[in-house]
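Only one structure is covered here, and it is reproduced in the block below.
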Amino acid sequence: MDWLEAVRSLREEGRPGVLATVVSVRGHAPREAGAKMVVAPDATWDSIGGGNLEAEVIDRARAMIAGGAGLPETLAFALTEHVANRHGRQCCGGEVQVLLEPLAVEPVVAIFGLGHVGYELARILSRLRLRLHLVDSRAAQLDPLRLADVTAGPAAVVVHHAPAPETVLRSLPAGAHVYIMTHDHAEDFLLCDAALHRGDLDVGLIGSAAKWARFRKRLLAEGHGGVERIRCPVGLPGIADKAPAAIAVSIAAELLGSLDRSSARSGNRTEDRLQPDGGG
């Protein structure tokens with residue numbers, strides 16, 4: 001694939017990358033200004049000229065990815081035999097500047113259960129720049145007319161009619177934010193079980209403290225460790241209003257705080273509060 005397809009693929013997969021562009025050339029160089037390549041932790045696409053120039057750019061791009069860099073950088077290269085290079089000499093005789101731009105990873109959010117709360121949450125989150133998976137075992141909840149207000153927003157919305165919704169959960173990228181709020185407690189439990197088997201998702205479960213106490217006991221009996229990774233109830237503490245829209249606003253606000261703290265590399269945890277047991 002070319003660099004543009006690579007950017008699109010990384011975005012869809014929720015993977016980080018860096019776009020490298022030759023922004024200026026003086027004298028002779030392997031590629032002209034405007035040449036681009038994409039660098040991911042484990043792959044590259046297209047080329048900005050090969051040799052030491054490209055190898056140095058790949059090294060720096062991967063260091064930026066590993067360090068979570070958010071700002072672009074510019075590197076300058078003199079392509080002469082007099083310059084000491086780590087990856088061999090390039091004797092074209094020119095000078096090249098390369099711009100390295102981190103490719104923002106859009107957050108991935110999955111809502112399991114498009115009942116009253118799930119639908120309101122989807123409406124709010126669809127106004128944000130993220131990838132939003134909507135999952136329900138009931139086809140009627142995913143009717144295009146019902147979701148027209150959701151799919152019209154800037155979020156990239158993916159709709160899943162899934163009689164076995166845990167299969168969708170297993171396909172989500174690591175670090176995805178998962179909200180479990182189906183119409184069926186048995187379905188909720190299966191999703192919690194699948195999420196703990198993965199261990200790399202941010203998971204919120206809608207429901208009361210009593211519901212979570214029952215789920216926690218069963219999950220521990222199933223041999224799961226780290227059950228506290230599942231937050232229940234979800235949303236900001238101290239909000240007593242149980243209307244679906246109010247709960248959805250509270251959950252969305254909690255998520256925005258979590259995303260901000262993730263960018264600062266710190267965790268997110270909320271206090272328990274009472275909630276209705278289901279999203280339907």
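Ligands are numbered from 1 in the order shown, chains are lettered A, B, ... in the order of the structure tokens, and residues start at 1 in each chain.
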
Just asking: which residues within segment 103-258 of chain A are strand (DSSP E) according to DSSP, as a CSV table (one decimal) with C-alpha atoms, in the first residue's frame?
```csv
chain,number,residue,atom,x,y,z
A,103,LEU,CA,-0.2,10.5,13.4
A,108,VAL,CA,-11.7,3.8,20.2
A,109,VAL,CA,-14.9,3.5,22.2
A,110,ALA,CA,-17.3,0.5,22.1
A,111,ILE,CA,-20.9,0.7,23.5
A,112,PHE,CA,-22.4,-2.7,24.1
A,131,ARG,CA,-13.9,5.6,16.4
A,132,LEU,CA,-17.3,4.5,17.9
A,133,HIS,CA,-18.4,0.9,17.8
A,134,LEU,CA,-22.1,0.3,18.5
A,135,VAL,CA,-22.9,-3.3,19.4
A,136,ASP,CA,-26.2,-4.9,20.1
A,156,ALA,CA,-16.3,7.2,12.6
A,157,VAL,CA,-19.2,4.9,13.6
A,158,VAL,CA,-19.2,1.2,13.1
A,159,VAL,CA,-22.4,-0.7,13.7
A,160,HIS,CA,-22.4,-4.4,14.8
A,161,HIS,CA,-25.5,-6.6,15.0
A,177,HIS,CA,-12.8,2.1,26.0
A,178,VAL,CA,-15.6,-0.4,26.5
A,179,TYR,CA,-19.0,0.4,28.0
A,180,ILE,CA,-21.2,-2.7,28.9
A,202,ASP,CA,-10.7,0.1,29.8
A,203,VAL,CA,-14.1,-1.3,30.9
A,204,GLY,CA,-17.1,0.3,32.5
A,205,LEU,CA,-20.2,-1.6,33.5
A,230,ILE,CA,-13.9,-3.1,35.6
A,231,ARG,CA,-15.5,0.1,36.9
```

Would you mind writing down, as a ChimeraX atom specification, each residue of segment 106-204 of chain A that DSSP on the backbone assigns to alpha helix (DSSP H)? /A:116-125,148-151,166-171,185-198

Pick from A:Val7, A:Ile124, A:Ala29, A:Leu256: nearest to Thr151 of chain A, with only C-alpha atoms counted?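 Smallest separation from Thr151 of chain A among the options: A:Ile124.
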
Correct to one decimal, the distance atom CA of Gly34 of chain A-atom CA of Thr21 of chain A is 6.0 Å

Neighbouring residues of Arg229 of chain A were defined as those with any atom within 10 Å, considering only C-alpha atoms; residues of the same chain fewer than 4 positions away were excluded. Please report them as number ranges by chain. A: 195-196, 199-204, 225, 269

Got time to write the residues from that selection, N, CA, C and O atoms, as a PDB file, in the first residue's frame?
```pdb
ATOM      1  N   ALA A 195     -13.791  -9.499  28.605  1.00  0.00           N
ATOM      2  CA  ALA A 195     -12.902  -8.352  28.789  1.00  0.00           C
ATOM      3  C   ALA A 195     -11.756  -8.694  29.739  1.00  0.00           C
ATOM      4  O   ALA A 195     -10.598  -8.330  29.508  1.00  0.00           O
ATOM      5  N   LEU A 196     -12.063  -9.417  30.820  1.00  0.00           N
ATOM      6  CA  LEU A 196     -11.013  -9.793  31.762  1.00  0.00           C
ATOM      7  C   LEU A 196     -10.062 -10.821  31.169  1.00  0.00           C
ATOM      8  O   LEU A 196      -8.866 -10.838  31.492  1.00  0.00           O
ATOM      9  N   GLY A 199      -7.695  -8.394  29.233  1.00  0.00           N
ATOM     10  CA  GLY A 199      -6.866  -7.675  30.188  1.00  0.00           C
ATOM     11  C   GLY A 199      -6.242  -6.397  29.678  1.00  0.00           C
ATOM     12  O   GLY A 199      -5.431  -5.791  30.385  1.00  0.00           O
ATOM     13  N   ASP A 200      -6.597  -5.950  28.457  1.00  0.00           N
ATOM     14  CA  ASP A 200      -5.967  -4.745  27.916  1.00  0.00           C
ATOM     15  C   ASP A 200      -6.993  -3.712  27.467  1.00  0.00           C
ATOM     16  O   ASP A 200      -6.726  -2.891  26.600  1.00  0.00           O
ATOM     17  N   LEU A 201      -8.192  -3.748  28.075  1.00  0.00           N
ATOM     18  CA  LEU A 201      -9.258  -2.816  27.736  1.00  0.00           C
ATOM     19  C   LEU A 201      -9.634  -1.986  28.956  1.00  0.00           C
ATOM     20  O   LEU A 201      -9.484  -2.421  30.099  1.00  0.00           O
ATOM     21  N   ASP A 202     -10.132  -0.782  28.708  1.00  0.00           N
ATOM     22  CA  ASP A 202     -10.694   0.056  29.769  1.00  0.00           C
ATOM     23  C   ASP A 202     -12.193  -0.224  29.792  1.00  0.00           C
ATOM     24  O   ASP A 202     -12.896   0.056  28.819  1.00  0.00           O
ATOM     25  N   VAL A 203     -12.708  -0.764  30.890  1.00  0.00           N
ATOM     26  CA  VAL A 203     -14.065  -1.306  30.905  1.00  0.00           C
ATOM     27  C   VAL A 203     -14.913  -0.641  31.977  1.00  0.00           C
ATOM     28  O   VAL A 203     -14.514  -0.545  33.138  1.00  0.00           O
ATOM     29  N   GLY A 204     -16.101  -0.193  31.560  1.00  0.00           N
ATOM     30  CA  GLY A 204     -17.096   0.316  32.491  1.00  0.00           C
ATOM     31  C   GLY A 204     -18.375  -0.488  32.356  1.00  0.00           C
ATOM     32  O   GLY A 204     -18.819  -0.798  31.246  1.00  0.00           O
ATOM     33  N   GLY A 225      -8.415 -12.705  37.984  1.00  0.00           N
ATOM     34  CA  GLY A 225      -7.759 -11.721  38.824  1.00  0.00           C
ATOM     35  C   GLY A 225      -7.993 -10.344  38.228  1.00  0.00           C
ATOM     36  O   GLY A 225      -8.430 -10.208  37.096  1.00  0.00           O
ATOM     37  N   ARG A 269      -9.778   6.578  37.676  1.00  0.00           N
ATOM     38  CA  ARG A 269     -10.603   5.732  38.545  1.00  0.00           C
ATOM     39  C   ARG A 269     -11.702   6.589  39.153  1.00  0.00           C
ATOM     40  O   ARG A 269     -11.468   7.741  39.525  1.00  0.00           O
TER      41      ARG A 269
END
```

Write out as an MDAnalysis selection string the residues lying within 6 Å of segment 35-44 of chain A, counting only C-alpha atoms and excluding same-chain residues fewer than 6 positions away. chainID A and resid 3 17:22 62

Would you mind telling me which residue in A:Trp45, A:Pro72, A:His116, A:Arg123 lies nearest to Ile58 of chain A when using only C-alpha atoms? A:Trp45
